[in-house]
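*Asks:* Dropping in entry.csv, with CSV, C-alpha atoms.
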chain,number,residue,atom,x,y,z
V,19,MET,CA,-27.3,3.6,-10.2
V,20,LYS,CA,-28.5,1.1,-7.7
V,21,MET,CA,-24.9,-0.1,-7.2
V,22,GLU,CA,-23.8,3.5,-6.5
V,23,MET,CA,-26.5,4.0,-3.9
V,24,ASP,CA,-25.4,0.7,-2.2
V,25,MET,CA,-21.8,2.0,-2.2
V,26,MET,CA,-22.9,5.3,-0.6
V,27,GLU,CA,-24.9,3.4,2.0
V,28,ASN,CA,-21.7,1.5,3.0
V,29,LEU,CA,-19.4,4.5,2.9
V,30,PRO,CA,-20.1,6.0,6.3
V,31,SER,CA,-19.6,2.7,8.1
V,32,THR,CA,-16.3,2.3,6.2
V,33,ILE,CA,-14.9,5.7,7.0
V,34,SER,CA,-16.2,6.0,10.6
V,35,PRO,CA,-13.6,3.9,12.4
V,36,LEU,CA,-10.6,5.6,10.7
V,37,LEU,CA,-12.2,9.0,11.2
V,38,LEU,CA,-12.9,8.4,14.9
V,39,ARG,CA,-9.4,7.0,15.4
V,40,SER,CA,-7.8,10.1,13.7
V,41,MET,CA,-9.9,12.5,15.8
V,42,ALA,CA,-9.3,10.6,19.0
V,43,SER,CA,-5.6,10.4,18.3
V,44,SER,CA,-5.3,14.2,17.7
V,45,VAL,CA,-7.1,14.9,21.0
V,46,PHE,CA,-5.0,12.3,22.9
V,47,ILE,CA,-1.7,13.7,21.6
V,48,TYR,CA,-2.7,17.2,22.7
V,49,ALA,CA,-3.8,16.0,26.1
V,50,ASP,CA,-0.8,13.8,26.6
V,51,LYS,CA,1.6,16.7,25.9
V,52,LEU,CA,-0.2,18.7,28.6
V,53,PHE,CA,-0.1,16.0,31.2
V,54,PHE,CA,3.5,15.1,30.3
V,55,ASN,CA,4.6,18.7,31.1
V,56,LEU,CA,2.6,18.7,34.3
V,57,ALA,CA,3.9,15.3,35.4
V,58,GLU,CA,7.4,16.7,35.3
V,59,LYS,CA,6.5,19.2,38.0
V,60,PHE,CA,3.8,17.3,39.9
V,61,LYS,CA,4.1,13.6,40.3
V,62,PRO,CA,0.3,12.8,40.8
V,63,PHE,CA,-0.2,13.9,37.1
V,64,GLU,CA,1.9,10.9,36.0
V,65,ILE,CA,-0.7,8.6,37.3
V,66,ILE,CA,-3.5,10.6,35.5
V,67,ARG,CA,-1.4,10.4,32.3
V,68,TYR,CA,-1.0,6.7,32.6
V,69,VAL,CA,-4.8,6.3,33.1
V,70,LEU,CA,-5.4,8.5,30.0
V,71,ILE,CA,-3.1,6.4,27.9
V,72,THR,CA,-4.6,3.1,29.1
V,73,SER,CA,-8.1,4.4,28.4
V,74,PHE,CA,-7.1,5.6,24.9
V,75,LEU,CA,-5.6,2.2,24.0
V,76,PHE,CA,-8.7,0.5,25.3
V,77,PHE,CA,-10.8,2.8,23.1
V,78,LEU,CA,-8.8,1.9,20.0
V,79,ARG,CA,-9.2,-1.8,20.6
V,80,LEU,CA,-13.0,-1.3,21.3
V,81,LEU,CA,-13.4,0.3,17.9
V,82,SER,CA,-12.3,-3.0,16.2
V,83,PHE,CA,-15.3,-4.8,17.7
V,84,LEU,CA,-17.9,-2.0,17.2
V,85,PHE,CA,-17.3,-1.5,13.5
V,86,LEU,CA,-17.3,-4.6,11.3
V,87,SER,CA,-16.5,-2.6,8.2
V,88,ASP,CA,-13.1,-1.5,9.5
V,89,LEU,CA,-10.0,-3.6,8.7
V,90,PRO,CA,-11.0,-7.1,7.9
V,91,PRO,CA,-11.4,-8.4,11.5
V,92,LYS,CA,-11.7,-12.0,12.4
V,93,SER,CA,-15.2,-11.5,13.8
V,94,GLN,CA,-16.4,-10.9,10.2
V,95,SER,CA,-15.8,-14.5,9.3
V,96,HIS,CA,-18.8,-15.4,11.3
V,97,VAL,CA,-21.1,-12.9,9.6
V,98,TYR,CA,-22.2,-14.0,6.2
V,99,THR,CA,-25.3,-13.3,4.1
V,100,PHE,CA,-25.8,-14.5,0.6
V,101,ASN,CA,-27.6,-12.1,-1.7
V,102,PRO,CA,-26.6,-12.4,-5.4
V,103,SER,CA,-28.6,-9.4,-6.5
V,104,LYS,CA,-27.0,-6.9,-4.2
V,105,SER,CA,-23.5,-5.8,-3.3
V,106,ASN,CA,-22.5,-6.4,0.3
V,107,GLY,CA,-19.6,-4.0,0.1
V,108,ARG,CA,-16.9,-6.7,0.3
V,109,TYR,CA,-17.3,-8.6,-3.0
V,110,LEU,CA,-17.3,-7.2,-6.5
V,111,ILE,CA,-20.9,-7.2,-7.8
V,112,GLY,CA,-21.4,-5.1,-10.9
V,113,SER,CA,-23.3,-5.6,-14.2
V,114,GLY,CA,-22.8,-8.0,-17.0
V,115,VAL,CA,-20.2,-10.8,-16.6
V,116,SER,CA,-19.1,-9.2,-13.3
V,117,ASP,CA,-22.5,-10.0,-11.9
V,118,SER,CA,-22.2,-13.7,-12.8
V,119,GLY,CA,-21.9,-16.6,-10.4
V,120,ILE,CA,-18.3,-17.3,-11.2
V,121,ALA,CA,-17.4,-13.6,-10.6
V,122,ARG,CA,-19.1,-13.6,-7.2
V,123,ALA,CA,-17.4,-16.9,-6.3
V,124,LEU,CA,-13.9,-15.6,-7.2
V,125,SER,CA,-14.6,-12.3,-5.4
V,126,GLN,CA,-15.6,-14.1,-2.2
V,127,VAL,CA,-12.5,-16.4,-2.4
V,128,LEU,CA,-10.1,-13.4,-2.8
V,129,SER,CA,-11.8,-11.6,0.0
V,130,ILE,CA,-11.3,-14.5,2.3
V,131,VAL,CA,-7.7,-14.6,1.3
V,132,ASN,CA,-7.4,-11.1,2.7
V,133,ASP,CA,-9.2,-12.0,5.9
V,134,ILE,CA,-7.6,-15.2,7.2
V,135,PRO,CA,-4.1,-15.2,8.7
V,136,VAL,CA,-1.2,-16.9,7.0
V,137,SER,CA,-0.8,-19.1,10.1
V,138,SER,CA,-4.2,-20.7,9.4
V,139,ARG,CA,-4.0,-24.1,7.7
V,140,LYS,CA,-6.9,-23.0,5.6
V,141,TYR,CA,-5.0,-20.0,4.1
V,142,ALA,CA,-3.0,-22.2,1.6
V,143,ILE,CA,-6.2,-24.1,0.7
V,144,VAL,CA,-8.2,-20.9,-0.1
V,145,ARG,CA,-5.3,-19.2,-2.0
V,146,SER,CA,-4.8,-22.4,-4.1
V,147,LEU,CA,-8.6,-22.4,-4.8
V,148,ALA,CA,-8.3,-18.8,-6.0
V,149,GLU,CA,-5.4,-19.6,-8.3
V,150,GLY,CA,-7.3,-22.5,-9.7
V,151,LEU,CA,-10.3,-20.4,-10.5
V,152,ILE,CA,-8.2,-17.7,-12.1
V,153,GLU,CA,-6.2,-20.2,-14.2
V,154,GLU,CA,-9.3,-22.1,-15.4
V,155,ASN,CA,-11.0,-18.8,-16.4
V,156,ARG,CA,-7.8,-17.9,-18.3
V,157,ARG,CA,-7.5,-21.2,-20.1
V,158,GLU,CA,-11.0,-21.0,-21.5
V,159,ASP,CA,-9.8,-18.1,-23.6
V,160,ALA,CA,-13.3,-16.6,-23.7
V,161,GLU,CA,-13.9,-12.8,-23.6
V,162,GLY,CA,-16.5,-13.1,-20.8
V,163,LEU,CA,-14.2,-15.0,-18.5
V,164,ARG,CA,-11.3,-12.7,-19.3
V,165,GLU,CA,-13.5,-9.8,-18.2
V,166,VAL,CA,-14.3,-11.7,-15.0
V,167,ASN,CA,-10.6,-12.1,-14.2
V,168,ARG,CA,-9.9,-8.4,-15.0
V,169,ALA,CA,-12.8,-7.0,-13.0
V,170,VAL,CA,-12.4,-9.2,-9.9
V,171,LEU,CA,-8.6,-9.1,-9.7
V,172,SER,CA,-8.6,-5.3,-10.2
V,173,SER,CA,-11.2,-4.9,-7.4
V,174,ALA,CA,-9.2,-7.2,-5.1
V,175,PHE,CA,-6.0,-5.3,-5.8
V,176,SER,CA,-7.8,-2.0,-4.9
V,177,ARG,CA,-9.3,-3.5,-1.8
V,178,THR,CA,-6.0,-4.8,-0.6
V,179,LEU,CA,-4.3,-1.4,-1.2
V,180,SER,CA,-7.0,0.2,1.0
V,181,TYR,CA,-6.6,-2.4,3.7
V,182,LEU,CA,-2.8,-2.1,3.7
V,183,GLU,CA,-3.0,1.7,3.9
V,184,ALA,CA,-5.3,1.5,6.9
V,185,ALA,CA,-3.1,-1.2,8.6
V,186,MET,CA,0.0,1.0,8.2
V,187,TYR,CA,-1.8,4.0,9.5
V,188,TRP,CA,-2.8,2.1,12.6
V,189,VAL,CA,0.7,0.8,13.2
V,190,LYS,CA,2.1,4.3,12.9
V,191,ARG,CA,-0.3,5.7,15.4
V,192,ALA,CA,0.1,2.8,17.8
V,193,LEU,CA,3.9,3.1,17.8
V,194,ARG,CA,3.7,6.8,18.4
V,195,VAL,CA,1.6,6.2,21.5
V,196,VAL,CA,3.9,3.5,22.8
V,197,ARG,CA,7.0,5.7,22.3
V,198,SER,CA,5.3,8.6,24.0
V,199,VAL,CA,4.9,6.6,27.2
V,200,GLY,CA,8.4,5.2,27.3
V,201,ASP,CA,9.6,1.7,27.8
V,202,GLY,CA,10.1,2.2,31.6
V,203,VAL,CA,6.4,2.7,32.3
V,204,TRP,CA,5.3,-0.2,30.1
V,205,ALA,CA,7.9,-2.5,31.7
V,206,ARG,CA,6.5,-1.6,35.2
V,207,GLU,CA,2.8,-1.9,34.3
V,208,GLY,CA,3.0,-4.7,31.7
V,209,SER,CA,2.8,-3.8,28.0
V,210,GLY,CA,2.6,-7.3,26.5
V,211,GLY,CA,-0.9,-6.9,25.1
V,212,VAL,CA,-0.2,-3.5,23.5
V,213,ARG,CA,3.1,-4.6,21.9
V,214,GLU,CA,1.5,-7.8,20.7
V,215,ASP,CA,-1.2,-5.7,19.0
V,216,VAL,CA,1.4,-3.6,17.3
V,217,ILE,CA,3.4,-6.6,16.1
V,218,ARG,CA,0.1,-8.3,14.9
V,219,SER,CA,-0.8,-5.2,12.9
V,220,GLY,CA,2.7,-5.2,11.4
V,221,ASN,CA,2.4,-8.8,10.4
V,222,SER,CA,-0.9,-8.1,8.9
V,223,ALA,CA,0.6,-5.3,6.8
V,224,GLU,CA,3.4,-7.6,5.6
V,225,LYS,CA,0.8,-10.2,4.6
V,226,LEU,CA,-1.3,-7.7,2.6
V,227,ALA,CA,1.9,-6.4,0.9
V,228,ALA,CA,2.7,-10.0,-0.2
V,229,GLU,CA,-0.8,-10.4,-1.4
V,230,LEU,CA,-0.5,-7.2,-3.5
V,231,LEU,CA,2.5,-8.7,-5.3
V,232,TRP,CA,0.6,-11.9,-5.8
V,233,LEU,CA,-2.4,-10.1,-7.2
V,234,ALA,CA,-0.2,-7.9,-9.4
V,235,GLN,CA,1.4,-11.1,-10.9
V,236,LYS,CA,-2.0,-12.6,-11.5
V,237,LEU,CA,-3.2,-9.5,-13.3
V,238,VAL,CA,0.0,-9.6,-15.5
V,239,ASP,CA,-0.5,-13.3,-16.2
V,240,CYS,CA,-4.1,-12.6,-17.4
V,241,GLY,CA,-2.9,-9.7,-19.6
V,242,PHE,CA,-4.1,-6.8,-17.4
V,243,GLY,CA,-0.9,-5.5,-15.9
V,244,GLU,CA,-1.8,-1.9,-16.6
V,245,GLU,CA,-4.6,-2.3,-14.0
V,246,ALA,CA,-2.1,-2.9,-11.3
V,247,VAL,CA,0.4,-0.3,-12.6
V,248,GLU,CA,-2.2,2.5,-12.6
V,249,ARG,CA,-3.5,1.7,-9.1
V,250,TRP,CA,0.1,1.4,-7.7
V,251,ALA,CA,1.0,4.7,-9.3
V,252,SER,CA,-2.0,6.4,-7.7
V,253,ALA,CA,-1.3,5.1,-4.2
V,254,SER,CA,0.6,8.2,-3.1
V,255,ASN,CA,-0.7,8.0,0.5
V,256,LEU,CA,0.5,4.5,0.9
V,257,ALA,CA,3.9,5.5,-0.6
V,258,SER,CA,4.2,8.3,2.1
V,259,LEU,CA,3.4,5.9,4.9
V,260,SER,CA,5.9,3.4,3.6
V,261,LEU,CA,8.8,5.7,4.4
V,262,LEU,CA,8.1,5.3,8.1
V,263,ALA,CA,7.3,1.5,7.9
V,264,GLU,CA,9.4,-1.2,9.5
V,265,PRO,CA,12.3,-2.6,7.3
V,266,ARG,CA,10.6,-5.9,6.6
V,267,LEU,CA,7.4,-4.2,5.4
V,268,GLN,CA,9.5,-1.8,3.3
V,269,GLY,CA,11.2,-4.7,1.7
V,270,SER,CA,7.9,-6.2,0.7
V,271,LEU,CA,6.8,-2.9,-0.8
V,272,VAL,CA,10.1,-2.6,-2.7
V,273,LYS,CA,9.4,-6.0,-4.3
V,274,VAL,CA,5.9,-4.8,-5.4
V,275,SER,CA,7.4,-1.6,-6.8
V,276,THR,CA,10.2,-3.4,-8.6
V,277,PHE,CA,7.8,-5.8,-10.3
V,278,LEU,CA,5.5,-3.0,-11.4
V,279,PHE,CA,8.2,-0.7,-12.6
V,280,LYS,CA,9.4,-3.5,-14.8
V,281,GLN,CA,5.9,-4.1,-16.0
V,282,ALA,CA,5.4,-0.4,-16.8
V,283,ARG,CA,8.6,-0.5,-18.9
V,284,ASP,CA,7.4,-3.6,-20.7
V,285,MET,CA,4.1,-2.0,-21.5
V,286,GLU,CA,5.9,1.0,-23.0
V,287,MET,CA,8.1,-1.2,-25.2
V,288,ALA,CA,4.9,-3.0,-26.4
V,289,LEU,CA,3.2,0.3,-27.4
V,290,ASP,CA,2.7,0.5,-31.2
V,291,GLU,CA,1.6,3.3,-33.4
V,292,THR,CA,-2.1,2.3,-33.1
V,293,GLU,CA,-1.9,3.0,-29.4
V,294,GLU,CA,-0.4,6.5,-29.5
V,295,PHE,CA,-3.7,7.8,-28.1
V,296,TYR,CA,-2.8,6.2,-24.8
V,297,GLU,CA,0.7,7.6,-24.7
V,298,GLU,CA,-0.2,10.7,-22.6
V,299,SER,CA,-2.1,8.7,-20.1
V,300,ARG,CA,0.8,6.3,-19.7
V,301,ARG,CA,3.3,9.2,-19.4
V,302,GLN,CA,1.2,10.6,-16.5
V,303,THR,CA,1.1,7.1,-14.9
V,304,LYS,CA,4.9,6.8,-15.1
V,305,MET,CA,5.3,10.3,-13.6
V,306,LYS,CA,3.0,9.4,-10.7
V,307,MET,CA,4.7,6.1,-10.1
V,308,LEU,CA,8.2,7.7,-10.0
V,309,THR,CA,7.3,10.5,-7.7
V,310,SER,CA,5.4,8.3,-5.4
V,311,TRP,CA,7.7,5.2,-5.1
V,312,LEU,CA,11.2,6.4,-5.9
V,313,PRO,CA,11.7,7.8,-2.4
V,314,LEU,CA,11.0,4.4,-0.9
V,315,LEU,CA,13.5,2.7,-3.2
V,316,CYS,CA,16.1,5.2,-1.9
V,317,ARG,CA,15.2,4.9,1.8
V,318,ALA,CA,14.2,1.3,2.2
V,319,SER,CA,16.5,-1.0,4.1
V,320,ASN,CA,18.7,-3.0,1.8
V,321,GLY,CA,21.2,-4.5,4.2
V,322,THR,CA,23.6,-7.3,3.4
V,323,ASP,CA,22.1,-9.6,6.1
V,324,MET,CA,18.8,-10.0,4.3
V,325,PRO,CA,18.9,-8.2,1.0
V,326,VAL,CA,15.5,-7.5,-0.6
V,327,LEU,CA,16.9,-7.7,-4.1
V,328,SER,CA,19.9,-9.4,-5.5
V,329,ILE,CA,22.8,-7.5,-7.1
V,330,ASN,CA,21.5,-8.4,-10.6
V,331,GLU,CA,17.9,-7.4,-9.7
V,332,LYS,CA,19.2,-4.0,-8.4
V,333,ALA,CA,21.2,-3.4,-11.6
V,334,GLU,CA,18.2,-4.3,-13.7
V,335,LEU,CA,15.9,-2.0,-11.9
V,336,GLU,CA,18.4,0.9,-12.2
V,337,LYS,CA,18.3,0.4,-15.9
V,338,VAL,CA,14.5,0.3,-16.0
V,339,LEU,CA,14.4,3.5,-14.0
V,340,GLU,CA,16.8,5.2,-16.3
V,341,GLU,CA,14.8,4.1,-19.4
V,342,THR,CA,11.6,5.2,-17.8
V,343,ILE,CA,12.8,8.7,-16.7
V,344,GLU,CA,14.5,9.4,-20.1
V,345,LEU,CA,11.1,9.0,-21.8
V,346,LEU,CA,9.7,12.0,-19.8
V,347,ASP,CA,9.8,15.6,-20.8
V,348,HIS,CA,12.9,17.6,-19.8
V,349,GLU,CA,11.1,19.5,-17.0
V,350,GLU,CA,9.6,16.2,-15.7
V,351,GLN,CA,13.0,14.6,-15.7
V,352,GLU,CA,14.3,17.5,-13.6
V,353,GLN,CA,11.5,17.0,-11.1
V,354,VAL,CA,12.1,13.3,-10.8
V,355,LEU,CA,15.9,13.5,-10.6
V,356,SER,CA,15.7,16.3,-8.0
V,357,LEU,CA,13.5,14.1,-5.9
V,358,TRP,CA,15.9,11.2,-6.3
V,359,LEU,CA,18.9,13.3,-5.4
V,360,HIS,CA,17.2,14.6,-2.2
V,361,HIS,CA,16.4,11.1,-0.9
V,362,PHE,CA,19.5,9.4,-2.2
V,363,ALA,CA,21.8,12.1,-0.6
V,364,TYR,CA,20.1,12.1,2.8
V,365,CYS,CA,19.8,8.4,3.3
V,366,SER,CA,23.1,7.2,4.7
V,367,SER,CA,22.2,3.5,4.9
V,368,SER,CA,21.7,2.8,1.2
V,369,ASP,CA,23.6,3.7,-2.1
V,370,TRP,CA,20.8,2.4,-4.3
V,371,PRO,CA,19.3,3.2,-6.8
V,372,ASN,CA,22.3,5.0,-8.2
V,373,LEU,CA,21.1,7.3,-11.0
V,374,HIS,CA,24.3,9.5,-11.0
V,375,ALA,CA,25.1,8.8,-14.7
V,376,LEU,CA,21.5,9.7,-15.7
V,377,TYR,CA,21.7,12.9,-13.6
V,378,CYS,CA,24.9,13.9,-15.3
V,379,ARG,CA,23.4,13.3,-18.8
V,380,TRP,CA,20.4,15.5,-17.8
V,381,CYS,CA,22.7,18.3,-16.7
V,382,THR,CA,24.6,18.1,-20.0
V,383,ASN,CA,21.4,18.3,-22.0
V,384,SER,CA,20.2,21.1,-19.8
V,385,ARG,CA,23.4,23.0,-20.4
V,386,LYS,CA,23.0,22.5,-24.2
V,387,LEU,CA,19.5,23.8,-24.1
V,388,LEU,CA,20.6,26.9,-22.4
V,389,LEU,CA,23.3,27.6,-25.0
V,390,LEU,CA,20.9,26.8,-27.8
V,391,HIS,CA,18.4,29.5,-26.6
Reformat the file's structure so that it appears as structure tokens.

*Replies:*
Amino acid sequence: MKMEMDMMENLPSTISPLLLRSMASSVFIYADKLFFNLAEKFKPFEIIRYVLITSFLFFLRLLSFLFLSDLPPKSQSHVYTFNPSKSNGRYLIGSGVSDSGIARALSQVLSIVNDIPVSSRKYAIVRSLAEGLIEENRREDAEGLREVNRAVLSSAFSRTLSYLEAAMYWVKRALRVVRSVGDGVWAREGSGGVREDVIRSGNSAEKLAAELLWLAQKLVDCGFGEEAVERWASASNLASLSLLAEPRLQGSLVKVSTFLFKQARDMEMALDETEEFYEESRRQTKMKMLTSWLPLLCRASNGTDMPVLSINEKAELEKVLEETIELLDHEEQEQVLSLWLHHFAYCSSSDWPNLHALYCRWCTNSRKLLLLH
């Protein structure tokens, strides 16, 4: 109960920056359209429009300094308070083994991994420290330490998902503002700072996506792959944002999806009769995972210059997708295959994943069902 109250206390400060950004962006877009139309008729309004845009971008950058609980900013690295009896909102502090010293230590290390940039020479050191702690807990083969790894890694995976979604939301908004102004205006007035912010946010998103894959692999190594699969399947907002992401970020997310689709298949193959109780839950997870991430697989850039997956990896994932879809009910298969056909047909830059054979088999079965009834 105390932990829940602490979470509620931290909730407003976590939501406020994104809420303010969203509200301000909506107002700005409406005002910008108005001034854009007026500027076409009256030149003085072009100056007013430029002042409006500059003020709006300054406001967005100011939010990063006003709210420490927004995306993990660099300024937070200088703010640290040790309180082992209370959650500070950034590290996992629960009850039982999750409230132990080793759990708090691992939570802090993983949080720092999120915070510091890859370019920092300390990044490799901190990440290596995290891997060492996880591996040492695993080698002890004690239930308490297994639970520490499960709880802390699951919390870190969820936190990284939230950070990545917020980072992608910011990039989407920032790019929209830049495009609305036009390259000509920015070239005349100087847009280096704005563009650098957008590029920096994009790099941060790629870093977080890479860390998601790393955390998912650690969860699987520790025997808790279902934790990552369930969270990835539920990340529908992130999946929607991924369709508009830059190609390199899409490639990173394709790698995460590929790894977790394979993991979900392996979990299904390992299911025995004593675990039939969980079959319905896993079926729902597979359905959410397919409907959320199949569009990205169809639309992500898979060019020959820098392929995200090898030919063998693509073929293997197509087989995994077919096996996963065939385990669904007939109506659910229809829903998934209809979604696949829509995105596959309308994406001219990619011919993968090709589920044509599975689609034809479903049509044959559907025809038989009609004749049977």

*Asks:* Distance atom CA of Ala257 of chain V-atom CA of Trp232 of chain V, one decimal place?

*Replies:* 18.5 Å

*Asks:* Which distance in Å separates atom CA of Cys381 of chain V and atom CA of Arg301 of chain V, to one decimal?

*Replies:*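 Taking atom CA of Cys381 of chain V as the start and atom CA of Arg301 of chain V as the end point, the length is 21.6 Å.
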
*Asks:* Pick out the residues sitting within 12 Å of Glu248 of chain V, and hand them over as an NGL selection string; count all atoms listed in the file, and ignore anything fewer than 5 positions along from it in its own chain.

*Replies:* :V and (172 or 175-176 or 234 or 242-243 or 253-254 or 275 or 278-279 or 281-282 or 285 or 299-308 or 310)

*Asks:* Quick one: residues within 8 Å of Ala318 of chain V, all atoms listed in the file, excluding same-chain residues fewer than 2 positions away - as a PDB file with C-alpha atoms, in the frame of the given file?

*Replies:*
ATOM      1  CA  LEU V 261       8.800   5.700   4.400  1.00  0.00           C
ATOM      2  CA  PRO V 265      12.300  -2.600   7.300  1.00  0.00           C
ATOM      3  CA  GLN V 268       9.500  -1.800   3.300  1.00  0.00           C
ATOM      4  CA  GLY V 269      11.200  -4.700   1.700  1.00  0.00           C
ATOM      5  CA  VAL V 272      10.100  -2.600  -2.700  1.00  0.00           C
ATOM      6  CA  LEU V 314      11.000   4.400  -0.900  1.00  0.00           C
ATOM      7  CA  LEU V 315      13.500   2.700  -3.200  1.00  0.00           C
ATOM      8  CA  CYS V 316      16.100   5.200  -1.900  1.00  0.00           C
ATOM      9  CA  ASN V 320      18.700  -3.000   1.800  1.00  0.00           C
ATOM     10  CA  SER V 368      21.700   2.800   1.200  1.00  0.00           C
TER      11      SER V 368
END

*Asks:* Calculated over all atoms listed in the file, which of the candidates V:Arg385, V:Arg177, V:Arg145, V:Arg317 has the smallest distance to Ser367 of chain V?

*Replies:*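 Result for the nearest residue to Ser367 of chain V: V:Arg317.
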
*Asks:* Let me make sure I understand: among V:Glu165, V:Glu352, V:Glu154, V:Asp117, which one has the smallest atom-to-atom distance to Gly241 of chain V if we use all atoms listed in the file?

*Replies:* V:Glu165

*Asks:* Give me, as an NGL selection string, all polymer residues having an atom no more than 12 Å from Lys280 of chain V, counting all atoms listed in the file and skipping those fewer than 5 positions away in the same chain.

*Replies:* :V and (234-235 or 238 or 243-244 or 247 or 273-275 or 285-287 or 304 or 307 or 331-332 or 334-342)

*Asks:* Name all residues at most 10 Å from Ser180 of chain V (count only C-alpha atoms; drop same-chain ones fewer than 5 positions away) and give them as a list in words.

*Replies:* Leu89, Ala174, Phe175, Ala185, Leu226, Ala253 and Leu256 of chain V

*Asks:* Between atom CA of Tyr377 of chain V and atom CA of Ala288 of chain V, what is the distance, to one decimal in Å?

*Replies:* 26.4 Å

*Asks:* V:Ser173, V:Thr276, V:Ser252, V:Asn383: which is nearest Leu327 of chain V, counting all atoms listed in the file?

*Replies:*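 Looking at the shortest contact to Leu327 of chain V, the residue is V:Thr276.
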
*Asks:* Measuring between all atoms listed in the file, which one of V:Ser137, V:Ala148, V:Ile143, V:Leu230 shows the shortest distance to Ala123 of chain V?

*Replies:*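 For Ala123 of chain V, the nearest of the candidates is V:Ala148.
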